[in-house]
>>> print(open('query14.pdb').read())   # PDB, C-alpha atoms
ATOM      1  CA  MET A   1       0.000   0.000   0.000
ATOM      2  CA  GLY A   2       2.895   2.380  -0.651
ATOM      3  CA  ASN A   3       4.162   2.222   2.982
ATOM      4  CA  SER A   4       1.204   4.263   4.205
ATOM      5  CA  TYR A   5       0.475   4.183   7.916
ATOM      6  CA  PHE A   6      -3.103   3.337   6.922
ATOM      7  CA  ASP A   7      -3.239   0.009   5.133
ATOM      8  CA  LYS A   8      -6.814  -0.271   6.439
ATOM      9  CA  LYS A   9      -8.735   2.729   5.172
ATOM     10  CA  LEU A  10     -11.040   4.670   7.458
ATOM     11  CA  ALA A  11     -13.594   5.786   4.845
ATOM     12  CA  ASP A  12     -14.181   6.081   1.106
ATOM     13  CA  GLU A  13     -13.619   9.847   0.797
ATOM     14  CA  GLY A  14     -12.184  12.358   3.217
ATOM     15  CA  TYR A  15     -10.293  15.598   3.816
ATOM     16  CA  ILE A  16      -6.829  15.887   5.339
ATOM     17  CA  TYR A  17      -5.448  18.910   7.195
ATOM     18  CA  VAL A  18      -1.997  19.441   8.695
ATOM     19  CA  THR A  19      -1.025  21.891  11.456
ATOM     20  CA  TYR A  20       2.010  22.514  13.641
ATOM     21  CA  GLY A  21       3.940  25.464  15.030
ATOM     22  CA  ASP A  22       2.067  28.672  15.823
ATOM     23  CA  HIS A  23      -1.437  28.150  17.212
ATOM     24  CA  LYS A  24      -2.840  30.433  14.513
ATOM     25  CA  TYR A  25      -2.437  27.627  11.957
ATOM     26  CA  LEU A  26      -4.662  25.360  14.027
ATOM     27  CA  LYS A  27      -7.189  28.195  14.266
ATOM     28  CA  HIS A  28      -7.055  28.579  10.477
ATOM     29  CA  ALA A  29      -7.851  24.876  10.104
ATOM     30  CA  ILE A  30     -10.758  25.230  12.538
ATOM     31  CA  ALA A  31     -12.141  28.111  10.470
ATOM     32  CA  SER A  32     -11.760  26.031   7.312
ATOM     33  CA  ILE A  33     -13.748  23.187   8.880
ATOM     34  CA  VAL A  34     -16.456  25.611  10.035
ATOM     35  CA  THR A  35     -16.960  26.734   6.439
ATOM     36  CA  LEU A  36     -16.645  23.191   5.059
ATOM     37  CA  ARG A  37     -19.440  21.916   7.313
ATOM     38  CA  ARG A  38     -21.808  24.474   5.847
ATOM     39  CA  TYR A  39     -21.788  22.379   2.672
ATOM     40  CA  ASP A  40     -20.431  18.935   3.534
ATOM     41  CA  LYS A  41     -21.553  17.393   6.812
ATOM     42  CA  LYS A  42     -20.787  13.779   5.888
ATOM     43  CA  ARG A  43     -17.230  13.301   4.636
ATOM     44  CA  PRO A  44     -14.748  12.779   7.493
ATOM     45  CA  VAL A  45     -11.880  15.136   8.235
ATOM     46  CA  ALA A  46      -8.497  13.902   9.450
ATOM     47  CA  LEU A  47      -6.056  16.216  11.196
ATOM     48  CA  PHE A  48      -2.350  15.460  11.399
ATOM     49  CA  CYS A  49      -0.908  17.862  13.940
ATOM     50  CA  SER A  50       1.785  18.455  16.513
ATOM     51  CA  LYS A  51       1.295  17.083  19.999
ATOM     52  CA  GLU A  52       0.880  20.666  21.238
ATOM     53  CA  HIS A  53      -1.999  21.309  18.854
ATOM     54  CA  ARG A  54      -3.759  18.106  19.840
ATOM     55  CA  ASN A  55      -3.389  19.003  23.520
ATOM     56  CA  LEU A  56      -4.826  22.460  22.828
ATOM     57  CA  LEU A  57      -7.904  20.943  21.176
ATOM     58  CA  GLU A  58      -8.391  18.558  24.097
ATOM     59  CA  GLU A  59      -7.833  21.313  26.659
ATOM     60  CA  HIS A  60     -10.688  23.342  25.159
ATOM     61  CA  LYS A  61     -12.804  20.229  24.504
ATOM     62  CA  ILE A  62     -13.181  20.971  20.782
ATOM     63  CA  GLU A  63     -11.333  17.957  19.397
ATOM     64  CA  ASP A  64     -14.588  16.617  17.931
ATOM     65  CA  THR A  65     -14.317  19.362  15.287
ATOM     66  CA  PHE A  66     -12.230  16.748  13.472
ATOM     67  CA  THR A  67     -13.318  13.179  12.783
ATOM     68  CA  HIS A  68      -9.814  11.797  13.354
ATOM     69  CA  ILE A  69      -6.757  13.353  14.997
ATOM     70  CA  PHE A  70      -3.249  11.926  14.608
ATOM     71  CA  VAL A  71       0.017  13.228  16.028
ATOM     72  CA  LEU A  72       2.381  14.225  13.235
ATOM     73  CA  PRO A  73       5.984  13.025  13.761
ATOM     74  CA  PRO A  74       8.437  15.914  14.360
ATOM     75  CA  GLN A  75      10.395  15.102  11.187
ATOM     76  CA  ASN A  76       7.262  15.725   9.132
ATOM     77  CA  GLN A  77       6.397  19.077  10.707
ATOM     78  CA  SER A  78       7.418  21.227   7.758
ATOM     79  CA  ILE A  79       6.092  21.845   4.240
ATOM     80  CA  THR A  80       8.594  19.559   2.558
ATOM     81  CA  GLY A  81       8.644  17.185   5.519
ATOM     82  CA  PHE A  82       4.955  16.500   5.036
ATOM     83  CA  LYS A  83       4.215  16.982   1.351
ATOM     84  CA  HIS A  84       7.298  15.088   0.227
ATOM     85  CA  ASN A  85       6.060  12.223   2.412
ATOM     86  CA  LEU A  86       2.295  12.516   2.112
ATOM     87  CA  TYR A  87       2.019   8.899   0.915
ATOM     88  CA  LYS A  88       2.522   7.931   4.574
ATOM     89  CA  PHE A  89      -0.557   9.903   5.642
ATOM     90  CA  ILE A  90      -3.362   8.568   3.456
ATOM     91  CA  PRO A  91      -6.233   7.419   5.706
ATOM     92  CA  PHE A  92      -9.014   7.243   3.098
ATOM     93  CA  GLU A  93      -9.588   5.511  -0.226
ATOM     94  CA  LYS A  94      -9.907   8.928  -1.882
ATOM     95  CA  ASN A  95      -8.044  11.746  -0.186
ATOM     96  CA  LEU A  96      -8.121  15.518  -0.558
ATOM     97  CA  PHE A  97      -5.210  17.259   1.167
ATOM     98  CA  THR A  98      -6.027  20.907   1.771
ATOM     99  CA  ASP A  99      -3.950  23.697   3.283
ATOM    100  CA  SER A 100      -5.244  25.138   6.532
ATOM    101  CA  ASP A 101      -5.465  28.670   5.102
ATOM    102  CA  ILE A 102      -8.487  28.042   2.886
ATOM    103  CA  LEU A 103     -12.183  28.735   3.411
ATOM    104  CA  TRP A 104     -14.889  26.747   1.651
ATOM    105  CA  CYS A 105     -17.407  28.709  -0.403
ATOM    106  CA  ARG A 106     -19.444  26.012  -2.211
ATOM    107  CA  ASN A 107     -20.751  22.484  -1.978
ATOM    108  CA  PRO A 108     -17.758  20.304  -2.978
ATOM    109  CA  ASP A 109     -19.724  17.299  -4.338
ATOM    110  CA  ASN A 110     -19.007  18.151  -7.984
ATOM    111  CA  LEU A 111     -15.368  18.821  -7.133
ATOM    112  CA  TRP A 112     -15.065  15.302  -5.711
ATOM    113  CA  LYS A 113     -16.637  13.864  -8.853
ATOM    114  CA  SER A 114     -14.132  15.751 -10.985
ATOM    115  CA  PHE A 115     -11.156  14.655  -8.889
ATOM    116  CA  SER A 116     -12.280  11.022  -9.065
ATOM    117  CA  GLY A 117     -11.041  10.868 -12.657
ATOM    118  CA  TYR A 118      -7.455  11.128 -11.372
ATOM    119  CA  SER A 119      -5.275   8.731  -9.410
ATOM    120  CA  PHE A 120      -3.057  11.608  -8.312
ATOM    121  CA  THR A 121      -3.225  15.295  -9.122
ATOM    122  CA  ILE A 122      -2.442  18.726  -7.733
ATOM    123  CA  THR A 123      -4.136  21.985  -8.612
ATOM    124  CA  GLY A 124      -2.093  24.169 -10.944
ATOM    125  CA  ASN A 125      -1.615  25.649 -14.411
ATOM    126  CA  GLN A 126      -0.254  23.747 -17.382
ATOM    127  CA  ILE A 127       2.469  26.332 -17.994
ATOM    128  CA  ALA A 128       4.494  27.770 -15.126
ATOM    129  CA  ASP A 129       5.187  31.492 -15.174
ATOM    130  CA  LEU A 130       8.754  32.773 -15.231
ATOM    131  CA  PHE A 131       8.742  33.514 -11.478
ATOM    132  CA  PHE A 132       7.616  30.033 -10.385
ATOM    133  CA  GLY A 133      10.155  28.795  -7.854
ATOM    134  CA  ALA A 134      12.711  31.245  -9.197
ATOM    135  CA  THR A 135      14.172  34.513  -8.006
ATOM    136  CA  LYS A 136      11.760  37.434  -7.660
ATOM    137  CA  GLY A 137      11.944  41.004  -8.909
ATOM    138  CA  VAL A 138      14.273  42.433 -11.551
ATOM    139  CA  ALA A 139      16.797  39.649 -10.940
ATOM    140  CA  ILE A 140      14.519  37.339 -12.926
ATOM    141  CA  LEU A 141      15.826  38.992 -16.099
ATOM    142  CA  LYS A 142      19.173  37.300 -15.547
ATOM    143  CA  ASP A 143      17.474  33.899 -15.449
ATOM    144  CA  TYR A 144      15.611  34.814 -18.618
ATOM    145  CA  PHE A 145      18.571  35.953 -20.681
ATOM    146  CA  LEU A 146      20.756  33.070 -19.501
ATOM    147  CA  GLY A 147      18.009  30.541 -20.236
ATOM    148  CA  ARG A 148      18.266  28.976 -16.789
ATOM    149  CA  ARG A 149      14.794  27.462 -16.793
ATOM    150  CA  ALA A 150      15.456  25.692 -20.099
ATOM    151  CA  LYS A 151      18.780  24.429 -18.747
ATOM    152  CA  THR A 152      17.047  22.987 -15.670
ATOM    153  CA  LEU A 153      14.545  21.105 -17.831
ATOM    154  CA  LYS A 154      17.258  19.786 -20.132
ATOM    155  CA  LYS A 155      19.405  18.705 -17.164
ATOM    156  CA  PHE A 156      16.621  16.475 -15.851
ATOM    157  CA  ASP A 157      15.278  15.366 -19.238
ATOM    158  CA  LEU A 158      11.999  17.274 -18.988
ATOM    159  CA  THR A 159      10.180  19.075 -21.807
ATOM    160  CA  TYR A 160       7.810  21.293 -19.804
ATOM    161  CA  LEU A 161       7.149  22.762 -16.361
ATOM    162  CA  SER A 162       3.683  23.181 -14.890
ATOM    163  CA  ARG A 163       2.741  25.671 -12.199
ATOM    164  CA  VAL A 164       1.777  23.544  -9.199
ATOM    165  CA  GLN A 165      -0.339  25.145  -6.445
ATOM    166  CA  ALA A 166      -0.172  22.569  -3.652
ATOM    167  CA  GLY A 167      -3.015  23.971  -1.566
ATOM    168  CA  MET A 168      -5.046  21.043  -2.912
ATOM    169  CA  ILE A 169      -3.639  17.584  -3.562
ATOM    170  CA  TYR A 170      -5.827  14.617  -4.463
ATOM    171  CA  THR A 171      -4.858  10.955  -4.475
ATOM    172  CA  SER A 172      -6.566   7.574  -4.538
ATOM    173  CA  ASP A 173      -3.392   5.553  -5.200
ATOM    174  CA  ASP A 174      -0.881   5.095  -2.371
ATOM    175  CA  ASN A 175       1.828   3.648  -4.599
ATOM    176  CA  LEU A 176       1.569   6.428  -7.159
ATOM    177  CA  ALA A 177       1.628   9.030  -4.377
ATOM    178  CA  LYS A 178       4.851   7.430  -3.109
ATOM    179  CA  GLN A 179       6.405   7.615  -6.570
ATOM    180  CA  VAL A 180       5.586  11.320  -6.797
ATOM    181  CA  CYS A 181       7.027  11.972  -3.339
ATOM    182  CA  GLU A 182      10.240  10.025  -3.933
ATOM    183  CA  GLN A 183      10.759  11.741  -7.288
ATOM    184  CA  SER A 184      10.107  15.135  -5.676
ATOM    185  CA  LYS A 185      12.665  14.462  -2.955
ATOM    186  CA  MET A 186      15.260  13.529  -5.580
ATOM    187  CA  PHE A 187      14.726  16.824  -7.407
ATOM    188  CA  PHE A 188      14.773  18.794  -4.164
ATOM    189  CA  ASP A 189      18.008  17.137  -3.039
ATOM    190  CA  ASN A 190      19.562  18.245  -6.344
ATOM    191  CA  ARG A 191      18.234  21.821  -6.172
ATOM    192  CA  LYS A 192      21.731  23.304  -6.551
ATOM    193  CA  GLU A 193      21.687  21.982 -10.108
ATOM    194  CA  THR A 194      18.484  23.913 -10.902
ATOM    195  CA  HIS A 195      17.537  27.572 -11.298
ATOM    196  CA  PHE A 196      15.090  27.375  -8.385
ATOM    197  CA  ARG A 197      15.694  29.511  -5.311
ATOM    198  CA  SER A 198      15.064  29.002  -1.612
ATOM    199  CA  ARG A 199      11.704  30.341  -0.491
ATOM    200  CA  ILE A 200      13.281  31.304   2.812
ATOM    201  CA  GLU A 201      14.827  34.235   0.949
ATOM    202  CA  GLU A 202      11.330  35.743   0.571
ATOM    203  CA  GLN A 203       9.979  38.127   3.196
ATOM    204  CA  GLY A 204       7.752  36.406   5.753
ATOM    205  CA  ARG A 205       8.731  32.877   4.709
ATOM    206  CA  ASN A 206      10.554  30.487   7.015
ATOM    207  CA  GLU A 207      10.023  27.198   5.201
ATOM    208  CA  GLU A 208      11.140  25.770   1.902
ATOM    209  CA  SER A 209       8.618  25.266  -0.901
ATOM    210  CA  CYS A 210       7.608  21.835  -2.135
ATOM    211  CA  GLU A 211       5.877  23.076  -5.268
ATOM    212  CA  TRP A 212       8.575  23.238  -7.936
ATOM    213  CA  SER A 213       9.871  19.777  -7.007
ATOM    214  CA  LEU A 214       6.332  18.352  -7.122
ATOM    215  CA  ALA A 215       5.804  20.009 -10.512
ATOM    216  CA  MET A 216       8.956  18.398 -11.889
ATOM    217  CA  ALA A 217       7.973  15.020 -10.432
ATOM    218  CA  MET A 218       4.548  15.177 -12.071
ATOM    219  CA  ALA A 219       6.153  16.052 -15.410
ATOM    220  CA  LYS A 220       8.597  13.144 -15.065
ATOM    221  CA  LEU A 221       5.758  10.726 -14.229
ATOM    222  CA  LYS A 222       3.429  12.181 -16.887
ATOM    223  CA  LEU A 223       0.749  13.207 -14.414
ATOM    224  CA  GLN A 224      -1.656  16.006 -15.284
ATOM    225  CA  VAL A 225      -2.200  18.990 -12.997
ATOM    226  CA  TYR A 226      -5.811  19.834 -12.167
ATOM    227  CA  PRO A 227      -6.850  23.231 -13.639
ATOM    228  CA  TRP A 228      -6.439  25.832 -10.941
ATOM    229  CA  LEU A 229      -8.034  28.615 -12.987
ATOM    230  CA  ASN A 230     -11.153  27.085 -14.501
ATOM    231  CA  GLY A 231     -13.750  29.843 -14.673
ATOM    232  CA  TYR A 232     -16.853  29.100 -12.643
ATOM    233  CA  GLU A 233     -15.466  25.669 -11.724
ATOM    234  CA  SER A 234     -12.194  26.943 -10.251
ATOM    235  CA  PRO A 235     -11.288  24.695  -7.301
ATOM    236  CA  GLN A 236      -9.531  27.517  -5.478
ATOM    237  CA  LEU A 237      -8.754  31.167  -6.066
ATOM    238  CA  ASP A 238      -6.404  33.480  -4.220
ATOM    239  CA  PHE A 239      -7.844  35.965  -1.782
ATOM    240  CA  ILE A 240      -6.780  39.396  -3.008
ATOM    241  CA  GLU A 241      -8.617  42.222  -1.257
ATOM    242  CA  ASP A 242      -9.040  44.305  -4.415
ATOM    243  CA  TYR A 243     -10.261  41.282  -6.405
ATOM    244  CA  THR A 244     -12.622  39.766  -3.824
ATOM    245  CA  THR A 245     -16.052  40.709  -2.489
ATOM    246  CA  TYR A 246     -17.117  38.950   0.700
ATOM    247  CA  ASN A 247     -19.197  39.366   3.823
ATOM    248  CA  GLN A 248     -18.021  39.060   7.412
ATOM    249  CA  ASP A 249     -18.532  35.306   7.774
ATOM    250  CA  PHE A 250     -17.516  34.476   4.177
ATOM    251  CA  LYS A 251     -20.894  32.986   3.315
ATOM    252  CA  GLU A 252     -21.021  35.183   0.215
ATOM    253  CA  VAL A 253     -17.818  35.288  -1.814
ATOM    254  CA  GLU A 254     -17.052  36.385  -5.365
ATOM    255  CA  CYS A 255     -13.646  36.751  -7.002
ATOM    256  CA  LEU A 256     -12.862  38.861 -10.035
ATOM    257  CA  VAL A 257     -11.177  36.692 -12.668
ATOM    258  CA  TYR A 258      -9.904  37.991 -15.993
ATOM    259  CA  SER A 259     -10.307  35.429 -18.762
ATOM    260  CA  ASN A 260      -6.835  36.195 -20.071
ATOM    261  CA  ARG A 261      -4.301  34.693 -17.709
ATOM    262  CA  PHE A 262      -1.644  37.338 -18.300
ATOM    263  CA  VAL A 263      -4.097  40.114 -17.418
ATOM    264  CA  TYR A 264      -5.289  38.176 -14.370
ATOM    265  CA  ASP A 265      -1.697  37.695 -13.193
ATOM    266  CA  LEU A 266      -1.286  41.475 -13.052
ATOM    267  CA  LYS A 267      -3.010  41.225  -9.661
ATOM    268  CA  ALA A 268       0.454  40.466  -8.274
ATOM    269  CA  LEU A 269       1.704  43.954  -9.085
ATOM    270  CA  LYS A 270       2.152  46.048  -5.956
ATOM    271  CA  SER A 271       1.816  49.301  -7.892
ATOM    272  CA  LYS A 272      -1.931  49.892  -8.275
ATOM    273  CA  TRP A 273      -1.589  52.696 -10.819
ATOM    274  CA  LEU A 274       0.641  50.552 -13.021
ATOM    275  CA  GLN A 275      -1.736  47.615 -12.656
ATOM    276  CA  THR A 276      -4.729  49.750 -13.656
ATOM    277  CA  LEU A 277      -2.862  51.297 -16.579
ATOM    278  CA  LEU A 278      -1.709  47.955 -17.978
ATOM    279  CA  ILE A 279      -5.167  46.398 -17.671
ATOM    280  CA  LYS A 280      -6.741  49.371 -19.474
ATOM    281  CA  LEU A 281      -4.195  49.205 -22.266
ATOM    282  CA  LEU A 282      -4.468  45.444 -22.696
ATOM    283  CA  SER A 283      -8.272  45.639 -22.581
ATOM    284  CA  LEU A 284      -8.180  47.585 -25.845
ATOM    285  CA  MET A 285      -7.402  44.260 -27.522
ATOM    286  CA  PRO A 286     -10.489  42.043 -28.123
ATOM    287  CA  GLY A 287     -10.901  39.449 -25.374
ATOM    288  CA  LYS A 288      -8.057  40.708 -23.186
ATOM    289  CA  GLY A 289     -10.384  42.665 -20.934
ATOM    290  CA  ASP A 290     -13.033  39.953 -20.546
ATOM    291  CA  TYR A 291     -13.748  39.087 -16.921
ATOM    292  CA  LEU A 292     -16.183  37.210 -14.708
ATOM    293  CA  TYR A 293     -17.051  37.019 -11.034
ATOM    294  CA  VAL A 294     -16.543  33.540  -9.657
ATOM    295  CA  THR A 295     -17.473  31.816  -6.412
ATOM    296  CA  PRO A 296     -14.690  29.222  -6.180
ATOM    297  CA  TYR A 297     -14.968  26.028  -4.186
ATOM    298  CA  CYS A 298     -12.229  27.414  -1.934
ATOM    299  CA  LEU A 299     -10.818  30.821  -1.156
ATOM    300  CA  HIS A 300      -7.079  30.476  -0.534
ATOM    301  CA  PHE A 301      -5.231  32.959   1.672
ATOM    302  CA  GLY A 302      -1.814  32.096   0.333
ATOM    303  CA  TRP A 303      -0.459  35.639  -0.010
ATOM    304  CA  TYR A 304       1.528  36.663   3.059
ATOM    305  CA  HIS A 305       0.227  40.257   3.052
ATOM    306  CA  GLN A 306      -3.438  39.230   2.538
ATOM    307  CA  LYS A 307      -4.042  37.025   5.597
ATOM    308  CA  GLU A 308      -5.560  39.554   8.012
ATOM    309  CA  PRO A 309      -9.230  38.779   7.147
ATOM    310  CA  LEU A 310      -8.551  35.064   7.657
ATOM    311  CA  ASP A 311      -6.842  35.731  10.996
ATOM    312  CA  LYS A 312      -9.854  37.725  12.228
ATOM    313  CA  PHE A 313     -12.374  35.151  11.031
ATOM    314  CA  SER A 314     -10.431  32.218  12.487
ATOM    315  CA  GLU A 315     -10.204  33.928  15.885
ATOM    316  CA  SER A 316     -13.969  34.408  15.811
ATOM    317  CA  CYS A 317     -14.572  30.751  14.906
ATOM    318  CA  TRP A 318     -12.185  29.612  17.631
ATOM    319  CA  HIS A 319     -13.869  31.625  20.375
ATOM    320  CA  ASN A 320     -17.361  30.590  19.237
ATOM    321  CA  LEU A 321     -16.411  26.911  19.445
ATOM    322  CA  ILE A 322     -14.896  27.317  22.875
ATOM    323  CA  LYS A 323     -18.065  29.023  24.153
ATOM    324  CA  LYS A 324     -20.165  26.075  22.951
ATOM    325  CA  SER A 325     -17.888  23.400  24.423
TER     326      SER A 325
END
>>> encode(input="query14.pdb", output="structure tokens")
Amino acid sequence: MGNSYFDKKLADEGYIYVTYGDHKYLKHAIASIVTLRRYDKKRPVALFCSKEHRNLLEEHKIEDTFTHIFVLPPQNQSITGFKHNLYKFIPFEKNLFTDSDILWCRNPDNLWKSFSGYSFTITGNQIADLFFGATKGVAILKDYFLGRRAKTLKKFDLTYLSRVQAGMIYTSDDNLAKQVCEQSKMFFDNRKETHFRSRIEEQGRNEESCEWSLAMAMAKLKLQVYPWLNGYESPQLDFIEDYTTYNQDFKEVECLVYSNRFVYDLKALKSKWLQTLLIKLLSLMPGKGDYLYVTPYCLHFGWYHQKEPLDKFSESCWHNLIKKS
């Protein structure tokens, strides 16, 4: 069964969350479950967490928020420590790993049906942008002119690189999940031979990324990423304050999505006047300015400087649960 700790499965379908470190991450997961249970009251939720987080749940008598709670070994309490070894933590026949910093906005039944066509997949885009896993800012021009991305692909006998967004990972095959993880670890161990940069170099980040190594592993194993940007059926969209309308409890959520990916990616620009100018100019071309408002299955608070609304909501959910316990 791929060396999983769960040779005997606990249910047909289920969600998996992981928390450790600062208590705020556990509170984020609690908030995610609160929103999930608005739409899905049946599928079980497994939490792999540090001993401290489990004790905190038991102390406040709110451990029944999760269907199953397992203590995560210390060596797996990091992004790469867990996601490069997720084949060991597969308790269900069909498993959906979700980051703790997401809120559910829709009934996920159709999402499960869509995922069921895969044995293993991760949300992402078919083509990775130039910045994916690489240096940020003006320094990226050096990578571009020196062709470093192409050299990385050639070095490892790959012909393409997808943009993996590992906030959602689905698997129903333990052995295949192990192959992906082992391949990812091999690429990560050889990172000095790639153009990828340490995520720790970025402001506010203290852990390495697993995403570029997972993307390379999926390319090597010929596994398709699940469309991250898919119009009205988008599994998850980033929370960006200027691109998102929402109410206080996130029961009503809509995200602005430009149909053209390049235009949509301009949301990352910190300069608002430049962003507005570029969108107006590009919109002069037919189709470039087309947009829609989407309620995704999940709203992902992956941007470091956009987490404040999630922090406030998760604190509220935490205190409400404690009052009821």
>>> resolve_selection(input="query14.pdb", expression="the PyMOL selection byres ((chain A and resi 52) around 10)", output="VMD selection string")
chain A and resid 20 to 23 49 to 51 53 to 58 71
>>> closest_residue(input="query14.pdb", among="A:Ser100, A:Ser184, A:Asn110, A:Thr121", to="Lys83 of chain A", atoms="only C-alpha atoms")
A:Ser184
>>> residues_around(input="query14.pdb", residues="Val45 of chain A", least_positions_apart="3", cutoff="6 Å", atoms="only C-alpha atoms", output="list in words")
Gly14, Tyr15, Ile16, Phe66 and Thr67 of chain A
>>> resolve_selection(input="query14.pdb", expression="the PyMOL selection byres ((chain A and resi 285-289) around 10)", output="compact mmCIF listing (two decimals) with C-alpha atoms, keeping the file's coordinate frame")
# COMPACT_ATOMS: atom_id res chain seq x y z
CA TYR A 258 -9.90 37.99 -15.99
CA SER A 259 -10.31 35.43 -18.76
CA ASN A 260 -6.84 36.20 -20.07
CA ARG A 261 -4.30 34.69 -17.71
CA PHE A 262 -1.64 37.34 -18.30
CA VAL A 263 -4.10 40.11 -17.42
CA TYR A 264 -5.29 38.18 -14.37
CA ILE A 279 -5.17 46.40 -17.67
CA LYS A 280 -6.74 49.37 -19.47
CA LEU A 281 -4.20 49.20 -22.27
CA LEU A 282 -4.47 45.44 -22.70
CA SER A 283 -8.27 45.64 -22.58
CA LEU A 284 -8.18 47.58 -25.84
CA ASP A 290 -13.03 39.95 -20.55
CA TYR A 291 -13.75 39.09 -16.92
>>> resolve_selection(input="query14.pdb", expression="the PyMOL selection byres ((chain A and resi 248) around 12)", output="PDB file with C-alpha atoms, keeping the file's coordinate frame")
ATOM      1  CA  THR A 245     -16.052  40.709  -2.489  1.00  0.00           C
ATOM      2  CA  TYR A 246     -17.117  38.950   0.700  1.00  0.00           C
ATOM      3  CA  ASN A 247     -19.197  39.366   3.823  1.00  0.00           C
ATOM      4  CA  ASP A 249     -18.532  35.306   7.774  1.00  0.00           C
ATOM      5  CA  PHE A 250     -17.516  34.476   4.177  1.00  0.00           C
ATOM      6  CA  LYS A 251     -20.894  32.986   3.315  1.00  0.00           C
ATOM      7  CA  GLU A 252     -21.021  35.183   0.215  1.00  0.00           C
ATOM      8  CA  VAL A 253     -17.818  35.288  -1.814  1.00  0.00           C
ATOM      9  CA  PRO A 309      -9.230  38.779   7.147  1.00  0.00           C
ATOM     10  CA  LEU A 310      -8.551  35.064   7.657  1.00  0.00           C
ATOM     11  CA  LYS A 312      -9.854  37.725  12.228  1.00  0.00           C
ATOM     12  CA  PHE A 313     -12.374  35.151  11.031  1.00  0.00           C
ATOM     13  CA  SER A 314     -10.431  32.218  12.487  1.00  0.00           C
ATOM     14  CA  SER A 316     -13.969  34.408  15.811  1.00  0.00           C
ATOM     15  CA  CYS A 317     -14.572  30.751  14.906  1.00  0.00           C
TER      16      CYS A 317
END
>>> atom_distance(input="query14.pdb", atom1="atom CA of Leu221 of chain A", atom2="atom CA of Leu299 of chain A")
29.1 Å
>>> residues_around(input="query14.pdb", residues="Lys307 of chain A", least_positions_apart="3", cutoff="10 Å", atoms="all atoms listed in the file", output="list in words")
Asp101, Phe239, Ile240, Glu241, His300, Phe301, Gly302, Trp303, Tyr304, Leu310, Asp311 and Lys312 of chain A
>>> atom_distance(input="query14.pdb", atom1="atom CA of Glu211 of chain A", atom2="atom CA of Arg37 of chain A")
28.3 Å
>>> atom_distance(input="query14.pdb", atom1="atom CA of Thr152 of chain A", atom2="atom CA of Tyr87 of chain A")
26.4 Å
>>> residues_around(input="query14.pdb", residues="segment 84-86 of chain A", least_positions_apart="2", cutoff="7 Å", atoms="only C-alpha atoms", output="mmCIF file with C-alpha atoms, in the coordinates of the input")
data_model
loop_
_atom_site.group_PDB
_atom_site.id
_atom_site.type_symbol
_atom_site.label_atom_id
_atom_site.label_comp_id
_atom_site.auth_asym_id
_atom_site.auth_seq_id
_atom_site.Cartn_x
_atom_site.Cartn_y
_atom_site.Cartn_z
ATOM 1 C CA THR A 80 8.594 19.559 2.558
ATOM 2 C CA GLY A 81 8.644 17.185 5.519
ATOM 3 C CA PHE A 82 4.955 16.500 5.036
ATOM 4 C CA LYS A 88 2.522 7.931 4.574
ATOM 5 C CA PHE A 89 -0.557 9.903 5.642
ATOM 6 C CA CYS A 181 7.027 11.972 -3.339
ATOM 7 C CA SER A 184 10.107 15.135 -5.676
ATOM 8 C CA LYS A 185 12.665 14.462 -2.955
#
>>> closest_residue(input="query14.pdb", among="A:Ser114, A:Gln224, A:Gln275, A:Thr194", to="Lys155 of chain A", atoms="only C-alpha atoms")
A:Thr194
